[in-house]
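Asker: This is the structure, below, for whatever I ask next.
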Amino acid sequence: MSPNSHPADSAGSASMPDDPRDGWSDLLSGRHLAIVTVMASGILLYAMNLYFTAALMPSIVADIGGQAYYAWVTTGFVIAAIVASLFVSRLLDSRGPASAYLIAFVTFALGAAGNAISPTMQILIAGRIIQGLGGGLLAGLGYAVIRSALPERHWARATGVVSAMWGVGTLFGPALGGVFAELGLWRWSYGGLALVALIFALLGQRSFAGMAGSARQNPVPVASLILLVLATIAISLSAVLPIGWPTMLAVGAGLVLLWLFVTVERRSDNTILPKLTYRRGNALKWVYLTVAALSAGVMVENFIPLFGQQLAGLSPLVAGLLGAVLSLAWVIAQLFVVSVSSDAGRRRAIRLGPLLLTAGLIVYGLFQASGAGLATVAIWAGALTVSGVGIGLAWPLLGVAAMSSSRDPAEGGKAAAAITTTQLIAFSITSAMAGTLMAAGGESIADAARYVSLGIALLTLLGVLTAGIATRR
């Protein structure tokens, strides 16, 4: 592939329709099935854990106290995960996928075990940070390993399965956490997570046996790493600072640090992101920005149950099911779109995704009103379905576009791992912005709902532009 070729174009080459092995049956059998299971389970453990812990937190605070540190349980986990995701490609190069997964799952298990025995909130936060380090590795490995562990004909479908785990996590995480909370077994829940992680560590050893790393020992880009870590911390801190100027200053500082990170990366020979990202005429940067826009849209899920209960009087169960609509549509759509084999079809899907996501969020936001009736709730559900389909259409194909961006396996793996870093940073920025927009609504939950939904829609609207550039010939 030439330096100026577009990743979204090369994504179409990942499927060979004339190959009889190019199908779900081959991917979901034998060693391929074991590999996909490990990758998907790592993503699922991370994605589910965020919502799982949120459902457990009232029970945890009632048991060990520490309500003042409530927000740090999630913030510490997310910051650690973003930092860990930066080291995924280097860990793969030096240790290979089997050892990389062993380190990731064991670290996650140690953190979960620490949570299970925590006597105080401070110890729990330390456990969550360790868990976040393992979770960040698992989230990054889920994309980065596809290129080296599976034949090219399966990249799109494997990416679809792995990406679907983000949606599955939001579907089942809150419910599972709620069950353990209801039974008063929050410590046992983390013990169970630790056990599951150790089981998958053993499965990973068998699944990736014989697969070595590239043995490439690139020095750590210290300047880039420090700037990105500081940016991540600044943005994440905005979620625990008082709403208003402190939040805006933290987000502003984070954005400035991100700009400095890009400036340093462009001038450096040793980078965190693939060098192609900064090459004029290459579309990889636009792929990442489109991923960021889609990730911003995902964050509206955190608010749907709240808006449903307070504006339409829905029961917690029905409001939770409404919140699951976006994830369900996302999962179903992407499992279909990965079978599209033509370059033109994939480019259309990538361009259509952010457009549908934005349109759905705009309709959802405009119909937020107090005393919403059944007809309005139905409109909400339809709009969220459209948004979910938009995410599902583009997400897996963007993953394939990133990992296909270079013929160099190391650079391709780095490109795939950076998807997770981009995604997690976008989650942090959007979460901070949504908190500010909620506060701007004042006493009116309807105004807050409109501000949050339409504010996030502005971010996803940028994805319409970046997707168009990413798929331009």
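In the structure tokens, chains take the letters A, B, ... in the order shown, each chain's residues start at 1, and ligands count up from 1 in the order shown.
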List every residue of stretch 277-392 of chain A that has an atom at most 9 Å from any atom of stretch 409-419 of chain A, and for each one report the closest atom pair and its distance in Å to one decimal, counting only C-alpha atoms, with rows sorted by chain and then by increasing residue number, as JSON lines.
Answerer:
{"residue": "A:Thr277", "atom": "CA", "partner": "A:Ala415", "partner_atom": "CA", "distance": 8.6}
{"residue": "A:Leu284", "atom": "CA", "partner": "A:Ala415", "partner_atom": "CA", "distance": 8.4}
{"residue": "A:Tyr288", "atom": "CA", "partner": "A:Ile419", "partner_atom": "CA", "distance": 6.7}
{"residue": "A:Val291", "atom": "CA", "partner": "A:Ile419", "partner_atom": "CA", "distance": 7.3}
{"residue": "A:Ala292", "atom": "CA", "partner": "A:Ile419", "partner_atom": "CA", "distance": 8.7}
Asker: Determine, counting only C-alpha atoms, which protein, DNA and RNA residues have an atom within 10 Å of an atom of A:Phe52; residues of the same chain fewer than 2 positions away are not included. Present the result as a PyMOL selection string.
Answerer: chain A and resi 45-50+54-57+169-170+172-181+189-190
Asker: Hey, can you spit out that residue selection with N, CA, C and O atoms as an mmCIF file, in the first residue's frame?
Answerer:
data_model
loop_
_atom_site.group_PDB
_atom_site.id
_atom_site.type_symbol
_atom_site.label_atom_id
_atom_site.label_comp_id
_atom_site.auth_asym_id
_atom_site.auth_seq_id
_atom_site.Cartn_x
_atom_site.Cartn_y
_atom_site.Cartn_z
ATOM 1 N N LEU A 45 -14.882 -8.004 29.649
ATOM 2 C CA LEU A 45 -14.548 -7.774 31.052
ATOM 3 C C LEU A 45 -14.368 -6.290 31.329
ATOM 4 O O LEU A 45 -14.813 -5.773 32.349
ATOM 5 N N TYR A 46 -13.694 -5.596 30.406
ATOM 6 C CA TYR A 46 -13.487 -4.155 30.594
ATOM 7 C C TYR A 46 -14.814 -3.405 30.487
ATOM 8 O O TYR A 46 -15.167 -2.614 31.367
ATOM 9 N N ALA A 47 -15.544 -3.626 29.389
ATOM 10 C CA ALA A 47 -16.761 -2.855 29.121
ATOM 11 C C ALA A 47 -17.815 -3.084 30.204
ATOM 12 O O ALA A 47 -18.449 -2.135 30.688
ATOM 13 N N MET A 48 -17.992 -4.332 30.583
ATOM 14 C CA MET A 48 -19.008 -4.656 31.577
ATOM 15 C C MET A 48 -18.648 -4.102 32.943
ATOM 16 O O MET A 48 -19.517 -3.695 33.721
ATOM 17 N N ASN A 49 -17.348 -4.062 33.243
ATOM 18 C CA ASN A 49 -16.916 -3.684 34.582
ATOM 19 C C ASN A 49 -17.297 -2.272 34.960
ATOM 20 O O ASN A 49 -17.584 -1.992 36.133
ATOM 21 N N LEU A 50 -17.309 -1.350 34.002
ATOM 22 C CA LEU A 50 -17.693 0.024 34.302
ATOM 23 C C LEU A 50 -19.117 0.094 34.846
ATOM 24 O O LEU A 50 -19.384 0.702 35.887
ATOM 25 N N ALA A 54 -20.758 0.430 38.833
ATOM 26 C CA ALA A 54 -21.713 1.502 39.124
ATOM 27 C C ALA A 54 -22.934 0.972 39.869
ATOM 28 O O ALA A 54 -23.447 1.615 40.794
ATOM 29 N N ALA A 55 -23.400 -0.215 39.481
ATOM 30 C CA ALA A 55 -24.554 -0.818 40.142
ATOM 31 C C ALA A 55 -24.226 -1.288 41.556
ATOM 32 O O ALA A 55 -25.104 -1.337 42.427
ATOM 33 N N LEU A 56 -22.961 -1.608 41.807
ATOM 34 C CA LEU A 56 -22.550 -2.103 43.121
ATOM 35 C C LEU A 56 -22.229 -0.988 44.117
ATOM 36 O O LEU A 56 -22.225 -1.220 45.330
ATOM 37 N N MET A 57 -21.930 0.205 43.619
ATOM 38 C CA MET A 57 -21.387 1.257 44.479
ATOM 39 C C MET A 57 -22.262 1.612 45.682
ATOM 40 O O MET A 57 -21.732 1.817 46.788
ATOM 41 N N GLY A 169 -21.489 -5.406 26.937
ATOM 42 C CA GLY A 169 -21.137 -4.999 28.290
ATOM 43 C C GLY A 169 -22.126 -4.020 28.875
ATOM 44 O O GLY A 169 -22.486 -4.092 30.055
ATOM 45 N N THR A 170 -22.601 -3.082 28.044
ATOM 46 C CA THR A 170 -23.576 -2.108 28.538
ATOM 47 C C THR A 170 -24.954 -2.737 28.732
ATOM 48 O O THR A 170 -25.771 -2.221 29.503
ATOM 49 N N PHE A 172 -25.463 -6.069 29.798
ATOM 50 C CA PHE A 172 -25.502 -7.012 30.914
ATOM 51 C C PHE A 172 -24.771 -6.541 32.164
ATOM 52 O O PHE A 172 -25.012 -7.064 33.253
ATOM 53 N N GLY A 173 -23.861 -5.563 32.022
ATOM 54 C CA GLY A 173 -23.119 -5.095 33.183
ATOM 55 C C GLY A 173 -24.004 -4.588 34.310
ATOM 56 O O GLY A 173 -23.889 -5.044 35.462
ATOM 57 N N PRO A 174 -24.920 -3.646 34.014
ATOM 58 C CA PRO A 174 -25.770 -3.125 35.090
ATOM 59 C C PRO A 174 -26.652 -4.198 35.724
ATOM 60 O O PRO A 174 -26.841 -4.216 36.942
ATOM 61 N N ALA A 175 -27.191 -5.096 34.898
ATOM 62 C CA ALA A 175 -28.078 -6.136 35.425
ATOM 63 C C ALA A 175 -27.324 -7.090 36.351
ATOM 64 O O ALA A 175 -27.800 -7.424 37.440
ATOM 65 N N LEU A 176 -26.139 -7.510 35.916
ATOM 66 C CA LEU A 176 -25.361 -8.439 36.730
ATOM 67 C C LEU A 176 -24.923 -7.792 38.042
ATOM 68 O O LEU A 176 -25.008 -8.397 39.120
ATOM 69 N N GLY A 177 -24.461 -6.533 37.936
ATOM 70 C CA GLY A 177 -24.092 -5.820 39.157
ATOM 71 C C GLY A 177 -25.278 -5.648 40.087
ATOM 72 O O GLY A 177 -25.151 -5.789 41.312
ATOM 73 N N GLY A 178 -26.447 -5.378 39.513
ATOM 74 C CA GLY A 178 -27.646 -5.211 40.315
ATOM 75 C C GLY A 178 -28.040 -6.478 41.053
ATOM 76 O O GLY A 178 -28.499 -6.431 42.197
ATOM 77 N N VAL A 179 -27.854 -7.633 40.419
ATOM 78 C CA VAL A 179 -28.180 -8.911 41.060
ATOM 79 C C VAL A 179 -27.292 -9.126 42.286
ATOM 80 O O VAL A 179 -27.766 -9.479 43.380
ATOM 81 N N PHE A 180 -25.978 -8.931 42.123
ATOM 82 C CA PHE A 180 -25.062 -9.110 43.250
ATOM 83 C C PHE A 180 -25.346 -8.089 44.355
ATOM 84 O O PHE A 180 -25.256 -8.412 45.550
ATOM 85 N N ALA A 181 -25.692 -6.866 43.972
ATOM 86 C CA ALA A 181 -26.014 -5.847 44.971
ATOM 87 C C ALA A 181 -27.271 -6.230 45.743
ATOM 88 O O ALA A 181 -27.343 -6.082 46.972
ATOM 89 N N SER A 189 -18.813 -10.788 44.065
ATOM 90 C CA SER A 189 -18.854 -10.460 42.638
ATOM 91 C C SER A 189 -17.448 -10.182 42.100
ATOM 92 O O SER A 189 -17.084 -10.629 41.013
ATOM 93 N N TYR A 190 -16.642 -9.448 42.871
ATOM 94 C CA TYR A 190 -15.273 -9.183 42.431
ATOM 95 C C TYR A 190 -14.411 -10.438 42.504
ATOM 96 O O TYR A 190 -13.518 -10.634 41.669
#
Asker: As an exercise, work out the distance from atom CA of A:Trp166 to atom CA of A:Pro354 in Å and give it to one decimal place.
Answerer: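 Taking atom CA of A:Trp166 and atom CA of A:Pro354, their separation equals 17.4 Å.
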Asker: If you run DSSP on the backbone here, which positions in stretch 235-451 of chain A get alpha helix (DSSP H)? Please write them as JSON, numbers by chain.
Answerer: {"A": [235, 236, 237, 245, 246, 247, 248, 249, 250, 251, 252, 253, 254, 255, 256, 257, 258, 259, 260, 261, 262, 263, 264, 265, 266, 267, 284, 285, 286, 287, 288, 289, 290, 291, 292, 293, 294, 295, 296, 297, 298, 304, 305, 306, 307, 308, 309, 310, 311, 312, 316, 317, 318, 319, 320, 321, 322, 323, 324, 325, 326, 327, 328, 329, 330, 331, 332, 333, 334, 335, 336, 337, 343, 344, 345, 346, 347, 348, 349, 350, 351, 352, 353, 354, 355, 356, 357, 358, 359, 360, 361, 362, 363, 364, 365, 366, 374, 375, 376, 377, 378, 379, 380, 381, 382, 383, 384, 385, 386, 387, 388, 389, 390, 391, 392, 393, 394, 395, 396, 397, 398, 399, 400, 401, 402, 403, 409, 410, 411, 412, 413, 414, 415, 416, 417, 418, 419, 420, 421, 422, 423, 424, 425, 426, 427, 428, 429, 430, 431, 432, 433, 434, 435, 436, 437, 438, 439, 440, 445, 446, 447, 448, 449, 450, 451]}
Asker: Counting only C-alpha atoms, what is within 7 Å of A:Leu393, bar same-chain residues fewer than 3 positions away, as a list in words?
Answerer: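 My list of contacting residues is Ala333, Gln334, Val337, Ala349, Ile350, Gly353, Val389 and Gly390 of chain A.
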Asker: Choose the residue, out of A:Gln368, A:Ser224, A:Ser444, A:Ser236, that has the smallest atom-to-atom separation from A:Ser268; count only C-alpha atoms.
Answerer: A:Ser224
Asker: So, counting only C-alpha atoms, which residue among A:Val73, A:Val161, A:Ala439, A:Leu289 is closest to A:Leu465?
Answerer: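 Smallest separation from A:Leu465 among the options: A:Leu289.
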Asker: So, with only C-alpha atoms as the atoms that count, which of A:Thr436, A:Ser163, A:Thr385, A:Ser404 lies closest to A:Thr420?
Answerer: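 Looking at the shortest contact to A:Thr420, the residue is A:Ser163.
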Asker: Work out how far apart atom CA of A:Val88 and atom CA of A:Gly136 are and give it in Å to one decimal.
Answerer: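 Interatomic distance, atom CA of A:Val88 to atom CA of A:Gly136: 8.5 Å.
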Asker: Can you tell me which residues surround A:Met121 at a distance of at most 10 Å, considering only C-alpha atoms, apart from same-chain residues fewer than 2 positions away, and format the answer as a VMD selection string?
Answerer: chain A and resid 60 to 61 63 to 70 72 to 73 115 118 to 119 123 to 127
Asker: Pick from A:Leu141, A:Ala467, A:Leu462, A:Ile117: nearest to A:Ile103, with only C-alpha atoms counted?
Answerer: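 Closest to A:Ile103 of all the choices is A:Leu141.
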Asker: For stretch 357-363 of chain A, please output as a list in words all residues within 7 Å (counting only C-alpha atoms; exclusion window: fewer than 6 positions along the same chain).
Answerer: Ala383, Leu384, Val386, Ser387, Gly388, Gly390, Ile391, Ser453, Leu454, Ala457, Thr460 and Leu461 of chain A
Asker: At a cut-off of 7 Å, using only C-alpha atoms, what residues contact A:Ala426? Leave out same-chain residues fewer than 2 positions from it and give the result as a PyMOL selection string.
Answerer: chain A and resi 292+295-296+422-424+428-430
Asker: Rounded to one decimal, what separation in Å do you get between atom CA of A:Lys285 and atom CA of A:Leu326?
Answerer: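 Rounded to one decimal, the two atoms are 26.5 Å apart.
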Asker: Go through A:Leu459, A:Ile469, A:Val36, A:Val83 one by one, measure the shortest atom-to-atom distance of each to A:Gly160 using only C-alpha atoms, and give the residue with the smallest value.
Answerer: A:Val36
